[in-house]
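Containing mmCIF, C-alpha atoms: model.cif.
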```cif
data_start
#
loop_
_atom_site.group_PDB
_atom_site.id
_atom_site.type_symbol
_atom_site.label_atom_id
_atom_site.label_comp_id
_atom_site.auth_asym_id
_atom_site.auth_seq_id
_atom_site.Cartn_x
_atom_site.Cartn_y
_atom_site.Cartn_z
ATOM 1 C CA MET V 1 198.012 -156.352 -176.051
ATOM 2 C CA ARG V 2 198.400 -157.502 -172.487
ATOM 3 C CA PRO V 3 195.067 -158.069 -170.681
ATOM 4 C CA PHE V 4 194.146 -155.340 -168.137
ATOM 5 C CA LYS V 5 194.465 -156.473 -164.547
ATOM 6 C CA MET V 6 192.976 -154.400 -161.698
ATOM 7 C CA ARG V 7 195.245 -154.203 -158.756
ATOM 8 C CA PRO V 8 193.779 -155.521 -155.474
ATOM 9 C CA VAL V 9 193.954 -152.086 -153.746
ATOM 10 C CA VAL V 10 192.112 -150.387 -156.633
ATOM 11 C CA LEU V 11 189.524 -153.174 -156.680
ATOM 12 C CA LEU V 12 188.876 -152.831 -152.939
ATOM 13 C CA ALA V 13 188.495 -149.050 -153.191
ATOM 14 C CA THR V 14 186.068 -149.433 -156.093
ATOM 15 C CA VAL V 15 183.923 -151.912 -154.177
ATOM 16 C CA VAL V 16 183.762 -149.627 -151.114
ATOM 17 C CA LEU V 17 182.862 -146.606 -153.264
ATOM 18 C CA VAL V 18 180.084 -148.480 -155.061
ATOM 19 C CA SER V 19 178.723 -149.735 -151.727
ATOM 20 C CA LEU V 20 178.608 -146.229 -150.285
ATOM 21 C CA VAL V 21 176.868 -144.831 -153.363
ATOM 22 C CA ASN V 22 174.263 -147.605 -153.352
ATOM 23 C CA SER V 23 173.601 -147.259 -149.630
ATOM 24 C CA TRP V 24 173.135 -143.459 -149.663
ATOM 25 C CA VAL V 25 169.503 -142.396 -149.580
ATOM 26 C CA PRO V 26 168.296 -138.803 -149.222
ATOM 27 C CA VAL V 27 166.424 -137.995 -146.005
ATOM 28 C CA SER V 28 163.193 -137.433 -147.904
ATOM 29 C CA ALA V 29 163.498 -140.768 -149.673
ATOM 30 C CA ALA V 30 164.426 -142.629 -146.520
ATOM 31 C CA SER V 31 161.452 -141.239 -144.645
ATOM 32 C CA SER V 32 158.988 -142.166 -147.404
ATOM 33 C CA ASN V 33 160.327 -145.461 -148.798
ATOM 34 C CA THR V 34 161.790 -147.172 -145.771
ATOM 35 C CA ALA V 35 160.509 -148.248 -142.404
ATOM 36 C CA PRO V 36 160.891 -145.638 -139.629
ATOM 37 C CA ARG V 37 164.087 -145.873 -137.657
ATOM 38 C CA SER V 38 164.557 -145.220 -133.981
ATOM 39 C CA ARG V 39 165.223 -141.692 -132.716
ATOM 40 C CA ARG V 40 168.707 -142.756 -131.609
ATOM 41 C CA GLU V 41 169.627 -143.885 -135.149
ATOM 42 C CA VAL V 42 168.318 -140.832 -137.007
ATOM 43 C CA PRO V 43 167.485 -138.031 -134.586
ATOM 44 C CA PHE V 44 167.347 -135.531 -137.460
ATOM 45 C CA LEU V 45 164.115 -137.121 -138.716
ATOM 46 C CA ARG V 46 162.295 -135.710 -135.645
ATOM 47 C CA PRO V 47 161.608 -131.969 -135.932
ATOM 48 C CA MET V 48 163.114 -129.786 -133.192
ATOM 49 C CA PRO V 49 160.359 -127.729 -131.496
ATOM 50 C CA SER V 50 160.886 -124.004 -131.943
ATOM 51 C CA THR V 51 158.168 -122.595 -129.706
ATOM 52 C CA CYS V 52 158.317 -122.488 -125.912
ATOM 53 C CA THR V 53 155.054 -121.695 -124.122
ATOM 54 C CA THR V 54 153.736 -122.222 -120.604
ATOM 55 C CA SER V 55 152.058 -125.445 -121.736
ATOM 56 C CA GLN V 56 155.499 -126.790 -122.727
ATOM 57 C CA GLN V 57 157.284 -125.834 -119.513
ATOM 58 C CA GLY V 58 159.737 -128.548 -118.537
ATOM 59 C CA ASP V 59 159.966 -130.032 -122.063
ATOM 60 C CA MET V 60 163.448 -130.916 -123.290
ATOM 61 C CA ARG V 61 165.028 -130.660 -126.734
ATOM 62 C CA TYR V 62 168.451 -131.058 -128.333
ATOM 63 C CA ASN V 63 169.542 -127.944 -130.214
ATOM 64 C CA ILE V 64 171.479 -129.256 -133.222
ATOM 65 C CA GLN V 65 172.863 -125.838 -134.171
ATOM 66 C CA ARG V 66 174.301 -125.203 -130.687
ATOM 67 C CA GLY V 67 175.029 -128.798 -129.788
ATOM 68 C CA GLU V 68 173.282 -128.330 -126.435
ATOM 69 C CA THR V 69 170.409 -129.868 -124.512
ATOM 70 C CA GLU V 70 167.787 -127.264 -123.634
ATOM 71 C CA TYR V 71 164.613 -127.058 -121.549
ATOM 72 C CA CYS V 72 161.518 -124.888 -121.946
ATOM 73 C CA SER V 73 161.227 -122.373 -119.097
ATOM 74 C CA GLY V 74 157.695 -121.420 -120.138
ATOM 75 C CA ARG V 75 158.879 -118.496 -122.253
ATOM 76 C CA MET V 76 162.179 -119.420 -123.860
ATOM 77 C CA TRP V 77 164.561 -122.330 -124.411
ATOM 78 C CA ARG V 78 167.403 -122.364 -121.876
ATOM 79 C CA ASN V 79 170.574 -124.405 -121.741
ATOM 80 C CA VAL V 80 170.550 -127.313 -119.287
ATOM 81 C CA HIS V 81 173.673 -126.937 -117.207
ATOM 82 C CA PRO V 82 175.741 -130.131 -116.888
ATOM 83 C CA ARG V 83 175.134 -130.894 -113.211
ATOM 84 C CA THR V 84 173.819 -134.447 -113.421
ATOM 85 C CA ASP V 85 176.431 -136.542 -111.656
ATOM 86 C CA LEU V 86 175.471 -137.451 -108.082
ATOM 87 C CA HIS V 87 179.102 -137.047 -107.036
ATOM 88 C CA VAL V 88 179.183 -133.393 -108.123
ATOM 89 C CA ALA V 89 175.569 -132.374 -107.450
ATOM 90 C CA GLU V 90 175.360 -129.876 -104.600
ATOM 91 C CA LYS V 91 172.580 -129.287 -102.075
ATOM 92 C CA SER V 92 171.829 -125.705 -103.145
ATOM 93 C CA CYS V 93 172.695 -123.049 -105.703
ATOM 94 C CA TYR V 94 174.705 -121.268 -103.019
ATOM 95 C CA ASP V 95 176.906 -124.367 -102.592
ATOM 96 C CA ILE V 96 177.510 -124.372 -106.343
ATOM 97 C CA LEU V 97 178.494 -120.719 -106.230
ATOM 98 C CA LEU V 98 180.855 -121.147 -103.281
ATOM 99 C CA LYS V 99 182.665 -124.028 -104.978
ATOM 100 C CA GLY V 100 183.201 -122.086 -108.191
ATOM 101 C CA LYS V 101 180.885 -124.269 -110.298
ATOM 102 C CA SER V 102 178.472 -121.538 -111.369
ATOM 103 C CA ILE V 103 178.086 -120.931 -115.103
ATOM 104 C CA GLY V 104 175.383 -118.284 -114.818
ATOM 105 C CA ASP V 105 171.649 -118.131 -114.152
ATOM 106 C CA GLY V 106 169.583 -121.133 -115.180
ATOM 107 C CA LEU V 107 168.697 -124.723 -114.404
ATOM 108 C CA TYR V 108 171.053 -126.870 -112.328
ATOM 109 C CA THR V 109 170.810 -130.356 -110.878
ATOM 110 C CA LEU V 110 170.791 -130.458 -107.072
ATOM 111 C CA ALA V 111 170.682 -133.355 -104.631
ATOM 112 C CA THR V 112 168.484 -133.771 -101.568
ATOM 113 C CA ASP V 113 169.935 -135.021 -98.286
ATOM 114 C CA SER V 114 168.796 -138.525 -99.275
ATOM 115 C CA GLY V 115 170.616 -138.329 -102.626
ATOM 116 C CA GLU V 116 167.583 -137.710 -104.852
ATOM 117 C CA LEU V 117 168.473 -135.550 -107.855
ATOM 118 C CA TYR V 118 166.183 -132.760 -109.020
ATOM 119 C CA GLN V 119 166.282 -129.700 -111.266
ATOM 120 C CA ALA V 120 166.309 -126.226 -109.708
ATOM 121 C CA HIS V 121 166.440 -122.729 -111.128
ATOM 122 C CA CYS V 122 169.384 -120.752 -109.770
ATOM 123 C CA ASP V 123 169.876 -117.003 -109.761
ATOM 124 C CA MET V 124 173.643 -116.569 -109.747
ATOM 125 C CA THR V 125 173.593 -112.796 -110.278
ATOM 126 C CA LEU V 126 171.416 -110.747 -107.929
ATOM 127 C CA ASP V 127 172.895 -109.507 -104.646
ATOM 128 C CA GLY V 128 175.862 -111.840 -104.900
ATOM 129 C CA GLY V 129 173.964 -114.807 -106.413
ATOM 130 C CA GLY V 130 173.460 -118.330 -105.114
ATOM 131 C CA TRP V 131 169.644 -118.173 -104.886
ATOM 132 C CA THR V 132 167.558 -121.375 -105.191
ATOM 133 C CA LEU V 133 163.904 -121.194 -106.243
ATOM 134 C CA PHE V 134 161.475 -122.799 -103.775
ATOM 135 C CA ALA V 135 158.018 -121.328 -104.576
ATOM 136 C CA THR V 136 156.227 -119.363 -107.322
ATOM 137 C CA LYS V 137 153.107 -117.198 -107.115
ATOM 138 C CA VAL V 138 151.354 -116.216 -110.357
ATOM 139 C CA THR V 139 147.665 -116.070 -109.381
ATOM 140 C CA HIS V 140 147.046 -113.269 -106.903
ATOM 141 C CA THR V 141 144.818 -115.482 -104.700
ATOM 142 C CA PHE V 142 147.261 -118.416 -104.574
ATOM 143 C CA PRO V 143 148.621 -119.590 -101.166
ATOM 144 C CA PHE V 144 152.268 -120.236 -101.978
ATOM 145 C CA ILE V 145 153.748 -121.931 -98.889
ATOM 146 C CA ALA V 146 153.686 -125.717 -98.363
ATOM 147 C CA ASN V 147 154.872 -127.774 -95.401
ATOM 148 C CA ARG V 148 156.538 -130.554 -97.401
ATOM 149 C CA PHE V 149 159.312 -130.288 -99.945
ATOM 150 C CA ASN V 150 158.342 -130.903 -103.576
ATOM 151 C CA PRO V 151 161.287 -130.886 -106.029
ATOM 152 C CA GLN V 152 159.035 -129.643 -108.853
ATOM 153 C CA ALA V 153 158.624 -126.313 -107.068
ATOM 154 C CA ALA V 154 162.314 -125.582 -107.653
ATOM 155 C CA SER V 155 161.868 -125.320 -111.432
ATOM 156 C CA ALA V 156 158.274 -124.033 -111.786
ATOM 157 C CA LEU V 157 159.117 -120.608 -113.163
ATOM 158 C CA HIS V 158 155.770 -119.553 -114.618
ATOM 159 C CA HIS V 159 153.174 -121.635 -112.776
ATOM 160 C CA ASP V 160 151.691 -121.418 -109.302
ATOM 161 C CA PHE V 161 153.629 -123.846 -107.140
ATOM 162 C CA ALA V 162 153.655 -123.839 -103.341
ATOM 163 C CA GLY V 163 156.910 -124.780 -101.683
ATOM 164 C CA CYS V 164 159.179 -124.455 -98.666
ATOM 165 C CA ILE V 165 162.904 -124.259 -97.944
ATOM 166 C CA PRO V 166 164.427 -127.764 -97.703
ATOM 167 C CA SER V 167 167.765 -126.656 -96.249
ATOM 168 C CA LEU V 168 168.239 -126.158 -92.511
ATOM 169 C CA LYS V 169 171.194 -123.860 -93.192
ATOM 170 C CA TRP V 170 169.388 -121.138 -95.150
ATOM 171 C CA ARG V 171 170.199 -117.566 -94.177
ATOM 172 C CA GLN V 172 168.280 -115.311 -96.577
ATOM 173 C CA ILE V 173 165.147 -115.172 -98.749
ATOM 174 C CA LEU V 174 164.854 -113.253 -102.021
ATOM 175 C CA PHE V 175 161.461 -112.009 -103.238
ATOM 176 C CA ARG V 176 161.545 -110.982 -106.900
ATOM 177 C CA PHE V 177 159.530 -110.848 -110.101
ATOM 178 C CA GLY V 178 160.521 -113.342 -112.751
ATOM 179 C CA HIS V 179 160.332 -111.020 -115.745
ATOM 180 C CA ASP V 180 162.346 -107.955 -114.787
ATOM 181 C CA GLU V 181 165.697 -109.556 -113.953
ATOM 182 C CA GLY V 182 165.094 -108.788 -110.299
ATOM 183 C CA THR V 183 165.001 -105.000 -110.596
ATOM 184 C CA SER V 184 162.232 -104.858 -107.949
ATOM 185 C CA ARG V 185 163.253 -107.117 -105.103
ATOM 186 C CA VAL V 186 163.269 -107.578 -101.346
ATOM 187 C CA VAL V 187 165.821 -109.546 -99.329
ATOM 188 C CA TYR V 188 165.072 -110.939 -95.875
ATOM 189 C CA SER V 189 167.817 -112.027 -93.465
ATOM 190 C CA ARG V 190 167.090 -114.817 -91.011
ATOM 191 C CA TYR V 191 169.656 -113.891 -88.373
ATOM 192 C CA LEU V 192 170.021 -110.145 -88.942
ATOM 193 C CA PRO V 193 170.106 -107.690 -87.416
ATOM 194 C CA VAL V 194 171.761 -109.337 -84.436
ATOM 195 C CA GLY V 195 169.476 -109.503 -81.397
ATOM 196 C CA SER V 196 166.310 -108.883 -83.428
ATOM 197 C CA GLU V 197 164.611 -112.208 -82.710
ATOM 198 C CA THR V 198 160.910 -111.841 -81.847
ATOM 199 C CA ASP V 199 158.077 -114.339 -81.633
ATOM 200 C CA ALA V 200 156.808 -113.112 -84.996
ATOM 201 C CA LYS V 201 160.228 -113.450 -86.656
ATOM 202 C CA SER V 202 160.765 -116.926 -85.189
ATOM 203 C CA ASN V 203 157.303 -117.976 -86.373
ATOM 204 C CA PHE V 204 157.966 -116.669 -89.887
ATOM 205 C CA ASN V 205 161.213 -118.658 -90.061
ATOM 206 C CA LYS V 206 159.257 -121.804 -89.167
ATOM 207 C CA VAL V 207 156.525 -121.206 -91.764
ATOM 208 C CA VAL V 208 158.983 -121.095 -94.685
ATOM 209 C CA GLN V 209 161.042 -124.088 -93.434
ATOM 210 C CA CYS V 210 160.039 -127.532 -94.702
ATOM 211 C CA GLY V 211 158.823 -129.796 -91.909
ATOM 212 C CA LYS V 212 158.312 -126.964 -89.426
ATOM 213 C CA THR V 213 154.925 -125.874 -88.115
ATOM 214 C CA GLY V 214 154.044 -122.206 -87.892
ATOM 215 C CA ILE V 215 150.896 -120.483 -86.710
ATOM 216 C CA GLU V 216 148.953 -117.362 -87.577
ATOM 217 C CA LEU V 217 150.758 -114.499 -85.911
ATOM 218 C CA LYS V 218 151.091 -110.789 -86.510
ATOM 219 C CA GLY V 219 153.984 -108.784 -85.150
ATOM 220 C CA VAL V 220 157.354 -107.147 -85.722
ATOM 221 C CA VAL V 221 159.663 -108.899 -88.180
ATOM 222 C CA SER V 222 162.987 -107.235 -88.975
ATOM 223 C CA GLY V 223 165.780 -108.053 -91.389
ATOM 224 C CA PHE V 224 164.519 -106.576 -94.691
ATOM 225 C CA TYR V 225 166.063 -104.408 -97.377
ATOM 226 C CA SER V 226 164.790 -103.636 -100.873
ATOM 227 C CA HIS V 227 165.645 -102.313 -104.316
ATOM 228 C CA SER V 228 163.062 -100.553 -106.512
ATOM 229 C CA PRO V 229 163.431 -98.758 -109.852
ATOM 230 C CA HIS V 230 160.477 -96.583 -108.814
ATOM 231 C CA HIS V 231 162.081 -95.330 -105.615
ATOM 232 C CA GLY V 232 165.586 -94.139 -104.745
ATOM 233 C CA ASN V 233 167.009 -94.948 -108.215
ATOM 234 C CA GLY V 234 167.030 -98.636 -107.382
ATOM 235 C CA GLU V 235 169.557 -98.272 -104.577
ATOM 236 C CA ARG V 236 169.470 -100.350 -101.413
ATOM 237 C CA ASN V 237 166.771 -99.275 -98.968
ATOM 238 C CA PRO V 238 167.699 -98.708 -96.219
ATOM 239 C CA LYS V 239 171.209 -97.898 -97.362
ATOM 240 C CA TYR V 240 172.656 -99.475 -94.224
ATOM 241 C CA ASN V 241 171.235 -101.917 -91.697
ATOM 242 C CA PHE V 242 167.752 -103.449 -92.097
ATOM 243 C CA TYR V 243 164.082 -102.503 -91.957
ATOM 244 C CA ALA V 244 161.601 -103.846 -89.393
ATOM 245 C CA ILE V 245 158.030 -104.379 -90.610
ATOM 246 C CA THR V 246 155.854 -103.457 -87.664
ATOM 247 C CA GLY V 247 152.794 -105.400 -88.775
ATOM 248 C CA PHE V 248 153.924 -108.569 -90.575
ATOM 249 C CA HIS V 249 150.965 -110.959 -90.802
ATOM 250 C CA VAL V 250 152.047 -114.598 -91.139
ATOM 251 C CA MET V 251 149.682 -117.453 -91.957
ATOM 252 C CA PRO V 252 150.662 -121.149 -92.349
ATOM 253 C CA THR V 253 150.391 -120.956 -96.177
ATOM 254 C CA PHE V 254 151.088 -117.294 -96.994
ATOM 255 C CA PHE V 255 152.174 -113.985 -95.459
ATOM 256 C CA SER V 256 152.141 -110.257 -96.088
ATOM 257 C CA GLU V 257 152.891 -106.941 -94.496
ATOM 258 C CA THR V 258 149.893 -105.010 -93.228
ATOM 259 C CA HIS V 259 149.255 -101.281 -93.309
ATOM 260 C CA GLN V 260 147.439 -100.783 -90.027
ATOM 261 C CA TYR V 261 150.572 -99.544 -88.276
ATOM 262 C CA GLY V 262 151.750 -96.928 -90.739
ATOM 263 C CA ASP V 263 154.259 -99.166 -92.562
ATOM 264 C CA ALA V 264 155.213 -98.033 -96.033
ATOM 265 C CA ASN V 265 153.825 -100.197 -98.858
ATOM 266 C CA GLU V 266 157.224 -101.118 -100.188
ATOM 267 C CA TRP V 267 158.118 -104.536 -98.851
ATOM 268 C CA VAL V 268 156.274 -107.854 -99.193
ATOM 269 C CA ASP V 269 152.547 -107.656 -100.025
ATOM 270 C CA LEU V 270 151.503 -111.235 -100.824
ATOM 271 C CA TRP V 271 148.024 -111.569 -99.326
ATOM 272 C CA ILE V 272 145.558 -113.920 -101.063
ATOM 273 C CA ALA V 273 143.042 -111.204 -101.912
ATOM 274 C CA GLY V 274 143.777 -108.199 -104.079
ATOM 275 C CA GLY V 275 142.446 -104.688 -104.241
ATOM 276 C CA ASN V 276 144.362 -103.223 -101.307
ATOM 277 C CA ALA V 277 143.878 -99.473 -101.171
ATOM 278 C CA GLY V 278 147.455 -98.794 -100.067
ATOM 279 C CA GLN V 279 149.782 -96.472 -101.915
ATOM 280 C CA TYR V 280 152.333 -98.161 -104.168
ATOM 281 C CA TYR V 281 155.091 -96.863 -106.371
ATOM 282 C CA TYR V 282 153.640 -98.756 -109.342
ATOM 283 C CA ALA V 283 150.726 -101.161 -109.923
ATOM 284 C CA ASN V 284 149.671 -102.307 -113.385
ATOM 285 C CA ASP V 285 146.295 -103.571 -112.100
ATOM 286 C CA SER V 286 144.280 -102.730 -108.994
ATOM 287 C CA ALA V 287 143.722 -106.462 -108.322
ATOM 288 C CA ALA V 288 147.476 -106.879 -107.861
ATOM 289 C CA ALA V 289 147.665 -104.272 -105.097
ATOM 290 C CA GLY V 290 148.240 -106.018 -101.787
ATOM 291 C CA SER V 291 148.659 -109.499 -103.248
ATOM 292 C CA LYS V 292 151.359 -109.357 -105.957
ATOM 293 C CA CYS V 293 153.645 -106.573 -104.729
ATOM 294 C CA ILE V 294 157.389 -106.569 -104.155
ATOM 295 C CA ALA V 295 159.279 -103.441 -103.086
ATOM 296 C CA GLY V 296 156.241 -101.244 -103.797
ATOM 297 C CA THR V 297 155.806 -102.591 -107.342
ATOM 298 C CA CYS V 298 152.710 -104.664 -108.250
ATOM 299 C CA TYR V 299 152.182 -106.831 -111.336
ATOM 300 C CA LEU V 300 149.042 -108.919 -111.702
ATOM 301 C CA ASN V 301 150.172 -111.567 -114.203
ATOM 302 C CA GLU V 302 153.918 -111.700 -113.636
ATOM 303 C CA PRO V 303 155.326 -114.560 -111.541
ATOM 304 C CA ILE V 304 156.815 -113.828 -108.143
ATOM 305 C CA TRP V 305 159.735 -116.087 -107.264
ATOM 306 C CA LEU V 306 160.650 -116.938 -103.695
ATOM 307 C CA MET V 307 164.290 -118.012 -103.488
ATOM 308 C CA TYR V 308 166.684 -118.861 -100.661
ATOM 309 C CA ARG V 309 170.397 -119.110 -99.985
#
```
Please express the file's structure as structure tokens.
Amino acid sequence: MRPFKMRPVVLLATVVLVSLVNSWVPVSAASSNTAPRSRREVPFLRPMPSTCTTSQQGDMRYNIQRGETEYCSGRMWRNVHPRTDLHVAEKSCYDILLKGKSIGDGLYTLATDSGELYQAHCDMTLDGGGWTLFATKVTHTFPFIANRFNPQAASALHHDFAGCIPSLKWRQILFRFGHDEGTSRVVYSRYLPVGSETDAKSNFNKVVQCGKTGIELKGVVSGFYSHSPHHGNGERNPKYNFYAITGFHVMPTFFSETHQYGDANEWVDLWIAGGNAGQYYYANDSAAAGSKCIAGTCYLNEPIWLMYR
């Protein structure tokens, strides 16, 4: 009988197969019998967090099932939109929308005038979209306006964070609750209606602008319209043109409409003390009345987002 000779190709395949079998170790065995490896080598050995609470806001995770990087908004995990390249990062959510780069509501990377990158929450849906978050009010006594720009304010969805508008080109402000997809909301227009500029309106525009100095002043500020599910079936109010708040009280760190001049309680009530006796369409707590009200709707513990475009 002729001696058996293993062909070189068969021998090589056998050696490779044996090597693979000997080197394979179950995850449980590897984690208990071998030294820990780095996260880059074996990311599956680190558990993926499933909960997302306010204490985890801003945390990041990689969702293996979806193949996406996500961040904790304070309530749920949201996809991080791929806007991280300085060459494609825009100055505002409105710029992203105009250039056709929007992929829906969520977190985007923006760039300051100096080129610093930061994360900002964008509303790409309401009233045409393109809104950039610049301040959040959760506590009814919190003063929510700051004089200097802080990038963290642009992504603080469920925490008190004072802020201001960093762009000199802003045209509108959106006041909305974070939880109700913007059903109750008020929009303010900086330059409308045409010829409506007053000392009070000019002062208000300075207070919300980063680097500008405003003073305490009460007067007529026009340029508002609202939507409320508790009034007029959620349609635009007024249907055409804009509303002028007769007594709009502006302070350097907060502002609110007043009710000494017969104004309806359906616009922007963001004073730093609650318990206003005014009439509202809906208030879930008396402490929220006068301090956490948008479009005649008051929620004590829901965040109010101030956004610009």
Near Asp199 (chain V), counting all atoms listed in the file, which residues have an atom at most 12 Å away, once you skip same-chain residues fewer than 2 positions from it, shown as a short mmCIF file (atom, residue, chain, number, x, y, z; two decimals) with C-alpha atoms, keeping the file's coordinate frame?
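Saved file around18.cif follows:
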```cif
data_model
loop_
_atom_site.label_atom_id
_atom_site.label_comp_id
_atom_site.auth_asym_id
_atom_site.auth_seq_id
_atom_site.Cartn_x
_atom_site.Cartn_y
_atom_site.Cartn_z
CA SER V 196 166.31 -108.88 -83.43
CA GLU V 197 164.61 -112.21 -82.71
CA LYS V 201 160.23 -113.45 -86.66
CA SER V 202 160.76 -116.93 -85.19
CA ASN V 203 157.30 -117.98 -86.37
CA PHE V 204 157.97 -116.67 -89.89
CA ASN V 205 161.21 -118.66 -90.06
CA LYS V 206 159.26 -121.80 -89.17
CA GLY V 214 154.04 -122.21 -87.89
CA ILE V 215 150.90 -120.48 -86.71
CA GLU V 216 148.95 -117.36 -87.58
CA LEU V 217 150.76 -114.50 -85.91
CA LYS V 218 151.09 -110.79 -86.51
CA GLY V 219 153.98 -108.78 -85.15
CA VAL V 220 157.35 -107.15 -85.72
CA VAL V 221 159.66 -108.90 -88.18
CA SER V 222 162.99 -107.24 -88.98
CA PHE V 248 153.92 -108.57 -90.58
CA VAL V 250 152.05 -114.60 -91.14
#
```
If the PyMOL selection byres ((chain V and resi 273) around 12) were run on this exact file, what residues would it hold? Put them as a VMD selection string. chain V and resid 139 to 143 254 to 256 269 to 272 274 to 277 286 to 293 300
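Between Tyr188 (chain V) and the candidates V:Ile145, V:Cys298, V:Met307, V:Cys52, the tightest atom-to-atom separation, counting all atoms listed in the file, involves V:Met307.
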In Å, with one decimal, what is the gap from CA of Gly211 (chain V) to CA of Ala146 (chain V)? 9.2 Å
Test item: the PyMOL selection byres ((chain V and resi 130-134) around 10) resolved as an MDAnalysis selection string: chainID V and resid 91:98 102 104:105 107:108 110 120:129 135:136 144:146 149:157 161:166 172:175 208 305:309
To one decimal in Å, tell me the separation between CA of Pro193 (chain V) and CA of Tyr225 (chain V). 11.2 Å
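One distance worth recording is that between CA of Tyr191 (chain V) and CA of Ser226 (chain V), which is 16.9 Å.
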Which polymer residues have any atom within 9 Å of an atom of Phe177 (chain V), counting only C-alpha atoms, with same-chain residues fewer than 5 positions away left out, as an MDAnalysis selection string? chainID V and resid 182:185 294 299 302:306
Smallest atom-to-atom distance to Ser73 (chain V): which of V:Thr53, V:Thr112, V:Thr258, V:Asn233, using all atoms listed in the file? V:Thr53
Centre, x/y/z edge lengths, axis-aligned box for region 140-149 of chain V with 4 Å per side, as AutoDock Vina command-line options:
```
--center_x 152.1 --center_y -121.9 --center_z -101.2 --size_x 22.5 --size_y 25.3 --size_z 19.5
```
Applying the PyMOL selection byres ((chain V and resi 115) around 10) to the file I just gave you, which residues come out? Please list them as a list in words. Leu86, His87, Ala89, Glu90, Lys91, Leu110, Ala111, Thr112, Asp113, Ser114, Glu116, Leu117 and Tyr118 of chain V
Can you tell me, as a JSON list (two decimals) with C-alpha atoms, in the frame of the given file, what residues are no more than 8 Å from Ala295 (chain V) when counting all atoms listed in the file, ignoring any on the same chain fewer than 4 positions away?
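Ended up saving to part_32.json:
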```json
[["chain", "number", "residue", "atom", "x", "y", "z"],
["V", 184, "SER", "CA", 162.23, -104.86, -107.95],
["V", 185, "ARG", "CA", 163.25, -107.12, -105.10],
["V", 186, "VAL", "CA", 163.27, -107.58, -101.35],
["V", 226, "SER", "CA", 164.79, -103.64, -100.87],
["V", 227, "HIS", "CA", 165.64, -102.31, -104.32],
["V", 228, "SER", "CA", 163.06, -100.55, -106.51],
["V", 265, "ASN", "CA", 153.82, -100.20, -98.86],
["V", 266, "GLU", "CA", 157.22, -101.12, -100.19],
["V", 267, "TRP", "CA", 158.12, -104.54, -98.85],
["V", 268, "VAL", "CA", 156.27, -107.85, -99.19]]
```
Mind checking which residues fall within 8 Å of Thr213 (chain V), counting only C-alpha atoms, ignoring those fewer than 4 positions away in the same chain, and posting them as an mmCIF file with C-alpha atoms, keeping the file's coordinate frame?
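See part.cif below for the written result:
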```
data_model
loop_
_atom_site.group_PDB
_atom_site.id
_atom_site.type_symbol
_atom_site.label_atom_id
_atom_site.label_comp_id
_atom_site.auth_asym_id
_atom_site.auth_seq_id
_atom_site.Cartn_x
_atom_site.Cartn_y
_atom_site.Cartn_z
ATOM 1 C CA ASN V 147 154.872 -127.774 -95.401
ATOM 2 C CA LYS V 206 159.257 -121.804 -89.167
ATOM 3 C CA VAL V 207 156.525 -121.206 -91.764
ATOM 4 C CA PRO V 252 150.662 -121.149 -92.349
#
```
Calculated over all atoms listed in the file, which of the candidates V:Ala244, V:Lys99, V:Leu168, V:Ser189 has the smallest distance to Gln209 (chain V)? V:Leu168
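With all atoms listed in the file as the atoms that count, the residue of V:Arg236, V:Lys212, V:His231, V:Arg78 with the shortest distance to Arg148 (chain V) is V:Lys212.
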